[in-house]
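K.L.:
I am sharing structure02.cif, which consists of mmCIF, C-alpha atoms and all ligand atoms:
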data_work
#
loop_
_atom_site.label_atom_id
_atom_site.label_comp_id
_atom_site.auth_asym_id
_atom_site.auth_seq_id
_atom_site.Cartn_x
_atom_site.Cartn_y
_atom_site.Cartn_z
CA MET F 1 7.63 28.45 12.72
CA LYS F 2 5.35 30.51 10.45
CA PRO F 3 2.81 31.93 11.12
CA ILE F 4 3.32 31.51 14.87
CA SER F 5 5.79 33.35 17.09
CA ILE F 6 6.67 32.78 20.72
CA LYS F 7 6.61 35.68 23.21
CA ASP F 8 7.38 35.10 26.88
CA GLY F 9 6.81 31.38 26.51
CA LYS F 10 3.40 31.78 24.83
CA HIS F 11 2.42 31.06 21.22
CA PHE F 12 1.08 34.02 19.25
CA ILE F 13 -0.39 34.52 15.81
CA GLU F 14 0.14 38.12 14.77
CA ASP F 15 -0.78 40.12 17.91
CA ILE F 16 -3.03 37.53 19.56
CA ALA F 17 -2.13 34.70 21.92
CA LEU F 18 -3.36 31.37 20.61
CA SER F 19 -4.76 30.62 24.07
CA GLU F 20 -7.06 33.63 23.67
CA LEU F 21 -8.35 32.28 20.34
CA ALA F 22 -8.93 28.80 21.75
CA ASP F 23 -10.84 30.30 24.70
CA LYS F 24 -12.89 32.61 22.55
CA PHE F 25 -13.75 30.30 19.64
CA GLY F 26 -13.32 26.83 21.16
CA THR F 27 -11.58 23.96 19.40
CA PRO F 28 -10.90 22.68 16.87
CA ILE F 29 -10.31 25.83 14.83
CA ILE F 30 -8.03 26.82 11.98
CA VAL F 31 -6.43 30.22 12.47
CA TYR F 32 -5.05 32.19 9.54
CA SER F 33 -2.65 35.12 9.50
CA LYS F 34 -3.70 37.69 6.93
CA ARG F 35 -0.27 39.28 7.22
CA GLN F 36 1.37 36.00 6.19
CA ILE F 37 -0.84 35.65 3.13
CA LEU F 38 -0.03 39.22 2.07
CA GLU F 39 3.67 38.59 2.58
CA ASN F 40 3.51 35.41 0.47
CA ILE F 41 1.69 37.24 -2.32
CA SER F 42 4.21 40.05 -2.48
CA ARG F 43 7.22 37.70 -2.31
CA PHE F 44 5.79 35.64 -5.17
CA LYS F 45 4.75 38.56 -7.34
CA ASN F 46 8.02 40.31 -6.76
CA ALA F 47 10.05 37.26 -7.84
CA PHE F 48 8.16 36.97 -11.13
CA SER F 49 8.19 40.72 -11.81
CA ILE F 50 11.39 40.09 -13.80
CA PHE F 51 9.10 39.02 -16.66
CA ASN F 52 7.57 41.78 -18.79
CA GLU F 53 4.22 40.10 -18.43
CA HIS F 54 3.33 37.70 -15.64
CA GLU F 55 0.05 36.71 -14.01
CA ALA F 56 -0.24 34.48 -10.96
CA HIS F 57 -3.47 32.48 -11.08
CA TYR F 58 -4.08 31.01 -7.61
CA ALA F 59 -5.06 27.32 -7.70
CA ILE F 60 -8.42 27.47 -5.93
CA LYS F 61 -8.24 23.80 -4.94
CA ALA F 62 -5.60 24.64 -2.32
CA ASN F 63 -8.15 26.55 -0.26
CA TYR F 64 -11.45 27.85 -1.59
CA ASN F 65 -12.53 29.85 1.44
CA PRO F 66 -14.17 32.91 -0.16
CA GLU F 67 -12.51 35.31 2.27
CA ILE F 68 -9.08 33.96 1.34
CA LEU F 69 -9.97 34.19 -2.35
CA ARG F 70 -11.02 37.81 -1.82
CA ILE F 71 -7.67 38.69 -0.22
CA LEU F 72 -5.86 37.15 -3.17
CA ARG F 73 -8.04 38.91 -5.74
CA GLU F 74 -7.70 42.27 -4.02
CA ASN F 75 -3.94 41.89 -4.24
CA GLY F 76 -3.75 41.35 -7.96
CA ILE F 77 -3.86 37.56 -8.11
CA GLY F 78 -5.96 35.71 -10.73
CA ALA F 79 -7.54 32.28 -10.34
CA ASP F 80 -7.02 28.80 -11.70
CA ALA F 81 -10.12 26.63 -11.42
CA ALA F 82 -10.24 22.84 -11.72
CA ASN F 83 -13.86 22.57 -12.83
CA PRO F 84 -17.04 24.57 -13.47
CA ASN F 85 -17.84 24.94 -9.76
CA GLU F 86 -14.47 26.48 -8.94
CA ALA F 87 -14.84 28.71 -12.02
CA ARG F 88 -18.29 29.84 -10.86
CA LEU F 89 -16.96 30.64 -7.39
CA ALA F 90 -14.07 32.64 -8.88
CA LEU F 91 -16.59 34.75 -10.81
CA GLN F 92 -18.73 35.23 -7.74
CA ILE F 93 -15.72 36.48 -5.79
CA GLY F 94 -15.18 39.02 -8.55
CA PHE F 95 -12.12 37.69 -10.37
CA ASP F 96 -11.98 39.17 -13.85
CA LYS F 97 -12.78 36.42 -16.36
CA LYS F 98 -9.61 37.35 -18.23
CA MET F 99 -7.67 36.48 -15.06
CA ILE F 100 -9.30 33.05 -14.68
CA THR F 101 -7.93 29.91 -16.29
CA VAL F 102 -9.73 26.60 -15.97
CA SER F 103 -7.47 23.53 -15.97
CA PRO F 104 -9.89 20.62 -15.66
CA ASN F 105 -9.63 16.94 -16.45
CA ASN F 106 -12.12 14.27 -17.44
CA LEU F 107 -15.05 16.68 -17.66
CA THR F 108 -18.27 15.68 -19.36
CA LYS F 109 -19.18 17.15 -22.73
CA GLU F 110 -21.81 19.29 -20.97
CA GLU F 111 -19.33 20.66 -18.46
CA LEU F 112 -16.81 21.49 -21.20
CA ASN F 113 -19.46 23.17 -23.34
CA PHE F 114 -20.59 25.19 -20.33
CA LEU F 115 -17.05 26.50 -19.75
CA VAL F 116 -16.38 27.28 -23.39
CA GLY F 117 -19.89 28.72 -23.91
CA GLU F 118 -19.37 31.02 -20.92
CA LYS F 119 -16.07 32.17 -22.47
CA PHE F 120 -13.80 30.84 -19.76
CA ILE F 121 -10.21 30.25 -20.84
CA VAL F 122 -9.79 26.48 -20.71
CA ASN F 123 -6.51 24.58 -20.58
CA PHE F 124 -7.83 21.35 -22.11
CA ASP F 125 -6.33 18.28 -20.51
CA ASP F 126 -5.95 16.52 -23.86
CA GLU F 127 -7.15 16.36 -27.45
CA ILE F 128 -9.98 13.99 -26.51
CA GLN F 129 -11.51 16.52 -24.13
CA PHE F 130 -11.07 19.14 -26.87
CA SER F 131 -12.93 16.93 -29.37
CA LEU F 132 -16.02 16.90 -27.10
CA VAL F 133 -16.64 20.63 -27.48
CA ASP F 134 -19.25 21.96 -29.92
CA GLU F 135 -19.23 25.56 -28.68
CA LYS F 136 -17.01 28.02 -30.52
CA ILE F 137 -13.59 28.25 -28.89
CA ASP F 138 -12.05 31.73 -28.71
CA LEU F 139 -8.72 30.70 -27.26
CA PHE F 140 -7.34 27.18 -27.42
CA SER F 141 -4.87 25.81 -24.90
CA ILE F 142 -3.84 22.27 -24.04
CA ARG F 143 -1.90 20.71 -21.16
CA VAL F 144 1.29 19.02 -22.29
CA ASN F 145 3.17 16.45 -20.29
CA PRO F 146 6.78 17.54 -20.78
CA GLY F 147 8.01 14.05 -19.91
CA ILE F 148 9.31 14.98 -16.47
CA GLY F 149 7.60 15.55 -13.17
CA LYS F 150 8.41 16.09 -9.53
CA GLY F 151 6.35 16.28 -6.38
CA GLU F 152 7.07 15.76 -2.70
CA PHE F 153 5.22 12.44 -2.91
CA LYS F 154 4.36 10.05 -5.71
CA GLY F 155 0.69 10.92 -5.26
CA ILE F 156 1.30 14.58 -6.05
CA THR F 157 3.63 14.10 -9.02
CA THR F 158 1.73 14.88 -12.19
CA GLY F 159 4.31 15.03 -15.00
CA GLY F 160 6.34 12.22 -16.57
CA LYS F 161 5.28 8.58 -16.79
CA ASN F 162 2.09 7.13 -15.28
CA SER F 163 0.34 10.51 -15.13
CA LYS F 164 -3.37 10.78 -15.80
CA PHE F 165 -2.85 14.38 -16.87
CA GLY F 166 -1.92 16.04 -20.11
CA THR F 167 -0.93 14.89 -23.55
CA SER F 168 2.26 14.29 -25.52
CA PRO F 169 3.93 17.09 -27.52
CA GLU F 170 3.08 15.27 -30.77
CA LYS F 171 -0.61 14.93 -29.98
CA ALA F 172 -0.70 18.51 -28.72
CA LYS F 173 0.75 19.68 -32.01
CA LEU F 174 -1.99 17.89 -33.95
CA ALA F 175 -4.61 19.48 -31.68
CA TYR F 176 -3.24 22.99 -32.33
CA GLU F 177 -3.27 22.26 -36.07
CA LYS F 178 -6.88 21.16 -35.81
CA ALA F 179 -7.83 24.25 -33.78
CA LYS F 180 -6.08 26.51 -36.27
CA ASN F 181 -7.91 24.84 -39.16
CA MET F 182 -11.19 25.41 -37.31
CA GLY F 183 -10.45 29.13 -37.34
CA VAL F 184 -9.16 29.61 -33.80
CA GLU F 185 -6.77 32.55 -33.68
CA ARG F 186 -5.77 32.79 -30.03
CA PHE F 187 -3.64 30.20 -28.25
CA GLY F 188 -2.13 29.34 -24.90
CA ILE F 189 -0.28 26.28 -23.63
CA HIS F 190 -0.17 24.66 -20.21
CA MET F 191 1.72 22.26 -17.95
CA HIS F 192 1.69 21.33 -14.27
CA THR F 193 4.22 18.71 -13.27
CA GLY F 194 3.79 18.24 -9.53
CA SER F 195 3.34 19.77 -6.13
CA ASN F 196 5.41 20.89 -3.15
CA VAL F 197 8.74 21.09 -4.96
CA ILE F 198 11.40 22.89 -2.94
CA ASP F 199 14.25 22.36 -5.37
CA SER F 200 14.61 25.48 -7.54
CA GLU F 201 16.67 23.51 -10.08
CA PHE F 202 13.65 21.41 -11.00
CA PHE F 203 11.80 24.46 -12.26
CA LYS F 204 14.74 25.15 -14.53
CA LYS F 205 14.49 21.67 -16.03
CA SER F 206 10.73 21.56 -16.40
CA SER F 207 10.43 25.06 -17.87
CA LEU F 208 13.14 24.30 -20.41
CA ALA F 209 11.38 21.11 -21.53
CA PHE F 210 8.08 23.02 -21.71
CA PHE F 211 9.46 26.01 -23.61
CA LYS F 212 11.10 23.68 -26.14
CA ILE F 213 7.77 21.96 -26.78
CA ALA F 214 5.94 25.29 -27.04
CA SER F 215 8.59 26.67 -29.47
CA MET F 216 8.38 23.54 -31.62
CA ILE F 217 4.59 23.83 -31.82
CA SER F 218 4.71 27.57 -32.47
CA LYS F 219 7.17 27.03 -35.32
CA ASP F 220 5.62 23.92 -36.88
CA VAL F 221 1.99 25.02 -36.64
CA GLY F 222 2.72 28.69 -37.32
CA ILE F 223 0.95 30.10 -34.27
CA LYS F 224 1.88 32.50 -31.47
CA PHE F 225 1.02 31.72 -27.86
CA GLU F 226 -0.63 34.52 -25.91
CA TYR F 227 0.39 32.77 -22.73
CA LEU F 228 2.69 30.07 -21.42
CA ASP F 229 1.06 28.62 -18.31
CA ILE F 230 3.78 26.85 -16.36
CA GLY F 231 1.50 25.62 -13.55
CA GLY F 232 2.08 25.48 -9.80
CA GLY F 233 4.16 23.30 -7.52
CA TYR F 234 6.11 25.99 -5.60
CA GLY F 235 6.81 24.25 -2.31
CA VAL F 236 6.86 25.30 1.33
CA PRO F 237 8.66 23.75 4.31
CA TYR F 238 6.53 21.58 6.58
CA GLN F 239 9.26 21.23 9.21
CA PRO F 240 11.18 23.98 11.01
CA ASN F 241 14.59 22.74 9.86
CA VAL F 242 13.77 22.73 6.13
CA GLU F 243 14.96 25.63 3.99
CA GLU F 244 12.43 27.72 2.12
CA LEU F 245 12.25 27.54 -1.64
CA ASN F 246 14.23 30.38 -3.17
CA ILE F 247 11.42 31.77 -5.28
CA ASP F 248 13.62 34.51 -6.77
CA MET F 249 15.94 31.79 -8.02
CA VAL F 250 12.98 29.85 -9.45
CA ALA F 251 11.82 32.88 -11.44
CA GLN F 252 15.36 33.65 -12.60
CA ASN F 253 15.90 30.06 -13.71
CA ILE F 254 12.68 30.14 -15.71
CA ARG F 255 13.54 33.50 -17.21
CA SER F 256 17.01 32.41 -18.29
CA ASN F 257 15.36 29.62 -20.31
CA PHE F 258 12.77 32.03 -21.71
CA MET F 259 15.57 34.32 -22.91
CA LEU F 260 17.45 31.59 -24.83
CA PRO F 261 17.50 32.83 -28.46
CA GLU F 262 15.94 29.64 -29.88
CA ILE F 263 13.07 29.96 -27.36
CA TYR F 264 12.67 33.75 -27.34
CA GLU F 265 12.35 33.81 -31.11
CA TYR F 266 9.05 31.93 -30.87
CA LEU F 267 7.81 32.70 -27.37
CA GLY F 268 9.24 36.16 -26.65
CA THR F 269 5.87 37.91 -26.94
CA SER F 270 4.03 35.46 -24.68
CA LYS F 271 2.93 36.24 -21.16
CA ILE F 272 3.92 33.88 -18.35
CA ILE F 273 1.14 32.48 -16.18
CA THR F 274 1.91 30.64 -12.94
CA GLU F 275 -0.58 28.71 -10.82
CA PRO F 276 0.67 28.83 -7.24
CA GLY F 277 -1.65 27.22 -4.71
CA ARG F 278 0.21 26.04 -1.62
CA TYR F 279 2.87 28.76 -1.82
CA LEU F 280 0.41 31.57 -1.21
CA VAL F 281 -1.58 30.08 1.67
CA ALA F 282 -0.09 26.93 3.26
CA ASN F 283 2.10 28.59 5.86
CA SER F 284 -0.55 31.15 6.80
CA ALA F 285 -2.56 28.83 9.04
CA ALA F 286 -2.39 26.49 12.01
CA ILE F 287 -4.96 24.21 13.59
CA LEU F 288 -5.73 24.41 17.30
CA SER F 289 -7.21 21.19 18.64
CA ARG F 290 -7.69 19.81 22.12
CA VAL F 291 -5.67 16.88 23.48
CA THR F 292 -8.32 14.38 24.55
CA ASN F 293 -6.19 11.38 25.44
CA VAL F 294 -2.60 10.49 26.25
CA LYS F 295 -2.10 6.76 26.21
CA ARG F 296 0.58 4.13 26.27
CA THR F 297 -0.08 0.75 24.62
CA ASP F 298 2.83 -0.78 22.76
CA ARG F 299 3.24 2.75 21.41
CA ASN F 300 2.75 6.30 22.75
CA PHE F 301 -0.47 7.81 21.43
CA ILE F 302 -2.18 11.09 21.91
CA GLY F 303 -5.79 11.61 20.92
CA THR F 304 -7.17 14.94 19.77
CA ASN F 305 -10.50 16.38 18.69
CA ILE F 306 -9.39 16.77 15.10
CA SER F 307 -9.13 13.74 12.82
CA PHE F 308 -7.83 12.59 9.48
CA ASN F 309 -11.10 13.91 8.08
CA THR F 310 -9.49 17.34 8.36
CA VAL F 311 -5.79 16.53 8.21
CA LEU F 312 -5.85 13.88 5.50
CA ARG F 313 -2.38 14.51 4.14
CA HIS F 314 -0.52 12.16 6.49
CA ALA F 315 -2.83 9.21 5.87
CA LEU F 316 -2.95 9.85 2.13
CA TYR F 317 0.67 10.67 1.28
CA GLY F 318 2.65 10.14 4.47
CA ALA F 319 2.99 13.93 4.72
CA LYS F 320 4.70 15.18 7.87
CA HIS F 321 3.26 18.26 9.48
CA HIS F 322 4.94 19.96 12.41
CA PHE F 323 3.15 19.91 15.78
CA GLU F 324 3.65 21.63 19.12
CA ILE F 325 1.81 21.77 22.39
CA MET F 326 0.58 25.33 22.90
CA ASP F 327 2.52 27.41 25.40
CA LYS F 328 4.99 24.63 26.19
CA VAL F 329 8.33 25.74 24.88
CA ASN F 330 10.74 24.16 27.35
CA GLY F 331 10.73 20.62 28.60
CA LYS F 332 11.45 17.08 27.72
CA TYR F 333 10.31 15.79 24.36
CA ARG F 334 8.78 12.35 23.87
CA LYS F 335 7.60 10.90 20.59
CA PHE F 336 3.90 10.30 19.95
CA ILE F 337 1.55 9.03 17.32
CA ILE F 338 -1.15 11.66 16.91
CA THR F 339 -4.62 10.28 16.34
CA GLY F 340 -8.12 11.69 16.08
CA GLN F 341 -11.74 10.69 16.65
CA ALA F 342 -12.39 8.74 13.44
CA CYS F 343 -12.99 5.00 13.58
CA GLU F 344 -10.03 3.88 11.55
CA ASN F 345 -6.54 2.95 12.54
CA THR F 346 -5.29 5.09 9.65
CA ASP F 347 -6.71 8.08 11.49
CA ARG F 348 -3.26 9.46 12.15
CA LEU F 349 -2.12 13.03 11.77
CA GLY F 350 1.51 12.26 12.41
CA GLN F 351 3.82 9.44 13.46
CA ASN F 352 6.84 9.74 15.79
CA VAL F 353 6.09 13.37 16.57
CA PRO F 354 8.23 14.89 19.34
CA LEU F 355 6.05 16.77 21.86
CA ILE F 356 6.67 18.32 25.25
CA GLU F 357 4.67 16.57 28.00
CA PRO F 358 1.22 16.54 26.40
CA LYS F 359 -1.65 16.38 28.90
CA ILE F 360 -5.39 16.05 28.48
CA ASN F 361 -6.92 19.46 27.71
CA ASP F 362 -3.70 20.91 26.32
CA ILE F 363 -3.95 22.52 22.90
CA LEU F 364 -2.16 20.85 20.01
CA ILE F 365 -0.92 23.13 17.22
CA THR F 366 -0.77 21.66 13.71
CA TYR F 367 1.34 23.86 11.47
CA THR F 368 1.17 24.58 7.74
CA ALA F 369 -2.58 24.06 7.57
CA GLY F 370 -3.58 26.72 5.05
CA ALA F 371 -3.48 24.56 1.91
CA TYR F 372 -5.09 21.21 1.12
CA ILE F 373 -6.51 20.90 4.63
CA MET F 374 -10.01 22.40 4.64
CA SER F 375 -10.37 21.91 0.88
CA MET F 376 -9.83 18.16 1.36
CA ALA F 377 -11.78 17.75 4.60
CA SER F 378 -14.79 15.47 4.87
CA ASN F 379 -17.55 14.61 7.32
CA TYR F 380 -16.66 10.93 7.71
CA ASN F 381 -18.26 9.52 10.89
CA LEU F 382 -20.45 12.65 10.88
CA LEU F 383 -17.46 14.50 12.29
CA ARG F 384 -17.64 18.28 11.98
CA ARG F 385 -15.26 20.32 9.95
CA PRO F 386 -13.70 23.04 12.12
CA ALA F 387 -14.34 26.77 12.08
CA GLU F 388 -11.83 29.05 10.36
CA ILE F 389 -10.70 32.32 11.90
CA LEU F 390 -8.84 35.07 10.09
CA VAL F 391 -6.47 37.09 12.25
CA ASP F 392 -5.44 40.56 11.15
CA GLY F 393 -3.24 42.25 13.75
CA SER F 394 -5.34 42.02 16.87
CA ASN F 395 -8.64 41.63 14.98
CA THR F 396 -10.37 38.33 14.36
CA LYS F 397 -13.08 37.31 11.94
CA ILE F 398 -14.90 33.99 11.63
CA ILE F 399 -14.50 33.16 7.93
CA ARG F 400 -16.24 29.81 8.18
CA ARG F 401 -18.27 28.57 11.07
CA ALA F 402 -17.90 24.95 12.13
CA ASP F 403 -20.35 22.48 10.62
CA ASP F 404 -23.18 21.43 12.84
CA LEU F 405 -25.13 18.22 12.48
CA THR F 406 -27.89 20.02 10.57
CA ASP F 407 -25.37 21.17 7.92
CA ILE F 408 -24.05 17.67 7.46
CA LEU F 409 -27.50 16.10 7.20
CA GLN F 410 -28.95 18.87 5.04
CA PRO F 411 -29.01 16.91 1.73
CA PHE F 412 -30.83 13.97 3.28
CA THR F 413 -34.47 13.28 3.99
CA ILE F 414 -34.74 11.86 7.47
N1 LIG F 501 -2.27 23.90 -11.22
C1 LIG F 501 -2.80 22.68 -11.40
C2 LIG F 501 -3.31 22.32 -12.73
C3 LIG F 501 -2.84 21.78 -10.33
O1 LIG F 501 -3.36 20.57 -10.52
C4 LIG F 501 -2.35 22.16 -9.07
C5 LIG F 501 -2.38 21.24 -7.93
C6 LIG F 501 -1.83 23.47 -8.92
C7 LIG F 501 -1.79 24.31 -10.03
C8 LIG F 501 -1.30 24.00 -7.62
O2 LIG F 501 -0.24 23.29 -7.13
P1 LIG F 501 0.55 23.85 -5.87
O3 LIG F 501 1.18 25.16 -6.26
O4 LIG F 501 -0.43 24.04 -4.77
O5 LIG F 501 1.54 22.80 -5.58
N2 LIG F 501 -3.54 17.52 -2.16
C9 LIG F 501 -2.10 17.59 -2.34
C10 LIG F 501 -1.73 18.58 -3.43
C11 LIG F 501 -2.38 18.26 -4.74
C12 LIG F 501 -2.12 19.31 -5.78
C13 LIG F 501 -3.01 19.12 -6.95
N3 LIG F 501 -2.81 20.06 -8.01
C14 LIG F 501 -1.43 17.90 -1.00
O6 LIG F 501 -2.11 17.92 0.01
O7 LIG F 501 -0.21 18.09 -0.96
#
Could you spell out this file's structure in structure tokens?
Ligand code: LLP
P.N.:
Amino acid sequence: MKPISIKDGKHFIEDIALSELADKFGTPIIVYSKRQILENISRFKNAFSIFNEHEAHYAIKANYNPEILRILRENGIGADAANPNEARLALQIGFDKKMITVSPNNLTKEELNFLVGEKFIVNFDDEIQFSLVDEKIDLFSIRVNPGIGKGEFKGITTGGKNSKFGTSPEKAKLAYEKAKNMGVERFGIHMHTGSNVIDSEFFKKSSLAFFKIASMISKDVGIKFEYLDIGGGYGVPYQPNVEELNIDMVAQNIRSNFMLPEIYEYLGTSKIITEPGRYLVANSAAILSRVTNVKRTDRNFIGTNISFNTVLRHALYGAKHHFEIMDKVNGKYRKFIITGQACENTDRLGQNVPLIEPKINDILITYTAGAYIMSMASNYNLLRRPAEILVDGSNTKIIRRADDLTDILQPFTI
């Protein structure tokens, strides 16, 4: 499974055996394949090239490692920031401000004024956030909730009912009227309805709902949208037997809605912005950790030197990552609960995970670790966050060293 291949019974990432990386850099580490990131970028860009104008703005929250951001920027990707800090980092990495959108929520008046004052393009979460701004707005955009949403889990579904994000089409319309009356002449519009969607049909439904709202506002308020930002959500498989999202089909489905005469009449001159996060990076990385315990109580457990501090997704959403024991490709599988070093019984990385004869000191591989792993990691229990290694062919580069205790205690006075 991506980004790992098996040669002569050994696990490899690009041209390097994982065992070599574990020996050289120790464990736990997260290893990234640059080749995989580049392949994801070109597959995504290629799919959306059927639009006259399309920009992919990478959702920085998925993984803000500066080296990863640089690879994305160098390959023509823009950035979507969730707050002033992510926006500042995007600038520091060298993203063109015109290729940065900021899609924040619940910011303070000061934070909003900072973004607008610095001329960032802001997708306001709602009309209330908009009303807090005193700085002059060059381009006004708001996030609409199109009334439908889909995500792999409830916790990552952001459209439809019970969402803290966005505003209704009616309230959005009033906000555009207000902005127009204030003299704003440039407009965009935004949605993001959920994450890790692998059903291409959903994008057809959500884009149609969104384009209808945008056309209605364009017509009723008498404005043209420079961009239609349809958000992220493009899913990836977390298990080997799950089919990949057909991204070409996603783009075609969206385009067929865009070309409908009643939509094209109002939106035909707008550029499409997408905000892929997971799609570009998730499958580029795997975690190598050490098996530190194999134990039978009323259940089969293995312990490892990585914890839910780093792989939070299972405890938080019930997400199921794929795991293997390094360099064991044949043998009898038994099911294990995978646990870490944190002092909580919810410190589980996976439940009922089939593994081949795990033994103390073996290396456990956690797949699909490039998105929402390091960016959501914490130092609970003073546990260290792992180092990150970028692999490019047979070259390696440390793109983040592991925390040490001094890093973790740095903000304190002891
Ligand atoms: N745009 C906005 C406004 C977003 O809020 C998000 C993700 C994205 C784009 C990118 O979504 P993606 O293409 O990566 O699905 N921590 C969760 C995922 C939360 C996603 C939050 N927003 C997880 O581990 O699955």
K.L.:
Between atom CA of F:Asn309 and atom CA of F:Asp347, what is the spacing in Å?
P.N.:
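These two atoms are separated by 8.1 Å.
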K.L.:
May I have the residues within 6 Å of stretch 119-133 of chain F as number ranges by chain, using all atoms listed in the file and disregarding those fewer than 6 positions away in the same chain?
P.N.:
F: 101-103, 105, 109, 113, 141-143, 166-167, 175
K.L.:
What does the distance between atom CA of F:Lys24 and atom CA of F:Ala286 come to in Å, to one decimal place?
P.N.:
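These two atoms are separated by 16.1 Å.
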K.L.:
Residues contacting ligand LIG 501 (chain F) - anything with an atom at most 9 Å away, using only C-alpha atoms and all ligand atoms - can you give me those as a PyMOL selection string?
P.N.:
chain F and resi 57-62+80-82+102-104+123+143+151-153+155-158+165+190-197+230-235+274-282+312-314+316-317+319+371-373+375-376
K.L.:
Could I get the residues of stretch 151-189 of chain F with an atom no further than 10 Å from an atom of stretch 204-213 of chain F, each paired with its nearest atom pair and that distance in Å to one decimal, using all atoms listed in the file, sorted by chain and residue number, as CSV?
P.N.:
residue,atom,partner,partner_atom,distance
F:Gly159,CA,F:Ser206,CA,9.3
F:Ser168,CA,F:Ile213,CA,9.5
F:Pro169,CA,F:Ile213,CA,6.2
F:Glu170,CA,F:Ile213,CA,9.1
F:Ala172,CA,F:Ile213,CA,9.3
F:Lys173,CA,F:Ile213,CA,9.0
F:Ile189,CA,F:Phe210,CA,9.2
K.L.:
Please indicate the distance in Å from atom CA of F:Ala87 to atom CA of F:Glu111, rounded to one decimal place.
P.N.:
11.2 Å
K.L.:
Report as a ChimeraX atom specification all protein, DNA and RNA residues lying within 10 Å of F:Pro237, evaluated on only C-alpha atoms, omitting residues in the same chain fewer than 4 positions from it.
P.N.:
/F:1-2,196-198,241-245,279,282-283,321-322,368
K.L.:
Output C-alpha atoms for every residue in that selection, as a short mmCIF file (atom, residue, chain, number, x, y, z; two decimals), in the coordinates of the input.
P.N.:
data_model
loop_
_atom_site.label_atom_id
_atom_site.label_comp_id
_atom_site.auth_asym_id
_atom_site.auth_seq_id
_atom_site.Cartn_x
_atom_site.Cartn_y
_atom_site.Cartn_z
CA MET F 1 7.63 28.45 12.72
CA LYS F 2 5.35 30.51 10.45
CA ASN F 196 5.41 20.89 -3.15
CA VAL F 197 8.74 21.09 -4.96
CA ILE F 198 11.40 22.89 -2.94
CA ASN F 241 14.59 22.74 9.86
CA VAL F 242 13.77 22.73 6.13
CA GLU F 243 14.96 25.63 3.99
CA GLU F 244 12.43 27.72 2.12
CA LEU F 245 12.25 27.54 -1.64
CA TYR F 279 2.87 28.76 -1.82
CA ALA F 282 -0.09 26.93 3.26
CA ASN F 283 2.10 28.59 5.86
CA HIS F 321 3.26 18.26 9.48
CA HIS F 322 4.94 19.96 12.41
CA THR F 368 1.17 24.58 7.74
#
K.L.:
Taking all atoms of stretch 279-287 of chain F that the file lists, what box with edges along x, y and z, padded by 4 Å per side, do you get, with centre and edge lengths in Å to one decimal, as AutoDock Vina command-line options?
P.N.:
--center_x -1.0 --center_y 27.9 --center_z 5.9 --size_x 15.8 --size_y 15.4 --size_z 23.4
K.L.:
Counting only C-alpha atoms, figure out which residue out of F:Ala251, F:Lys136, F:Gly9, F:Lys161 gets nearest to F:Ile148.
P.N.:
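Of all the options, F:Lys161 lies closest to F:Ile148.
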K.L.:
Pick from F:Asp248, F:Glu135, F:Glu185, F:Glu226: nearest to F:Phe48, with only C-alpha atoms counted?
P.N.:
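Between F:Asp248, F:Glu135, F:Glu185, F:Glu226, the residue approaching F:Phe48 most closely is F:Asp248.
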K.L.:
For stretch 261-266 of chain F, list every protein, DNA or RNA residue within 10 Å, evaluated using all atoms listed in the file, and leave out those in the same chain fewer than 4 positions away; present the list as a ChimeraX atom specification.
P.N.:
/F:208,211-219,222-225,257,270
K.L.:
Could you pull the residues within 8 Å of stretch 398-410 of chain F, counting only C-alpha atoms, minus those fewer than 2 positions along the same chain, as a list in words?
P.N.:
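Here the qualifying residues turn out to be Asn65, Glu67, Asn379, Leu382, Arg384, Arg385, Pro386, Ala387, Glu388, Ile389, Leu390, Thr396, Phe412 and Thr413 of chain F.
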K.L.:
Using only C-alpha atoms, which protein or nucleic acid residues come within 9 Å of F:His54? Drop anything in the same chain fewer than 4 positions from it, and give the result as a list of chain:residue names.
P.N.:
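My reading of the contact set: F:Lys45, F:Phe48, F:Ser49, F:Ile50, F:Lys271, F:Ile272, F:Ile273, F:Thr274.
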K.L.:
Which residues, protein or nucleic acid, reach to within 6 Å of (10.8, 14.9, -17.8) in the file's coordinates when using only C-alpha atoms, and can you give that as an mmCIF file with C-alpha atoms, in the coordinates of the input?
P.N.:
data_model
loop_
_atom_site.group_PDB
_atom_site.id
_atom_site.type_symbol
_atom_site.label_atom_id
_atom_site.label_comp_id
_atom_site.auth_asym_id
_atom_site.auth_seq_id
_atom_site.Cartn_x
_atom_site.Cartn_y
_atom_site.Cartn_z
ATOM 1 C CA PRO F 146 6.780 17.540 -20.780
ATOM 2 C CA GLY F 147 8.010 14.050 -19.910
ATOM 3 C CA ILE F 148 9.310 14.980 -16.470
ATOM 4 C CA GLY F 149 7.600 15.550 -13.170
ATOM 5 C CA GLY F 160 6.340 12.220 -16.570
#
K.L.:
Considering only C-alpha atoms, state which residue in the set F:Gly303, F:Gly26, F:Gly78, F:Pro66 is at the smallest distance from F:Gln341.
P.N.:
F:Gly303
K.L.:
For each of F:Leu69, F:Ala315, F:Ile247, F:Val329, take the minimum atom-to-atom distance to F:Ile356, counting only C-alpha atoms, then give the residue where this is smallest.
P.N.:
F:Val329
K.L.:
Which one is closest to F:Ser19: F:Leu364, F:Val236, F:Leu89, F:Ala56? Count all atoms listed in the file.
P.N.:
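Distance minimum relative to F:Ser19 lands on F:Leu364.
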K.L.:
Restricting the calculation to all atoms listed in the file, which member of F:Pro3, F:Ile363, F:Val291, F:Gly370 is positioned closest to F:Thr339?
P.N.:
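Between F:Pro3, F:Ile363, F:Val291, F:Gly370, the residue approaching F:Thr339 most closely is F:Val291.
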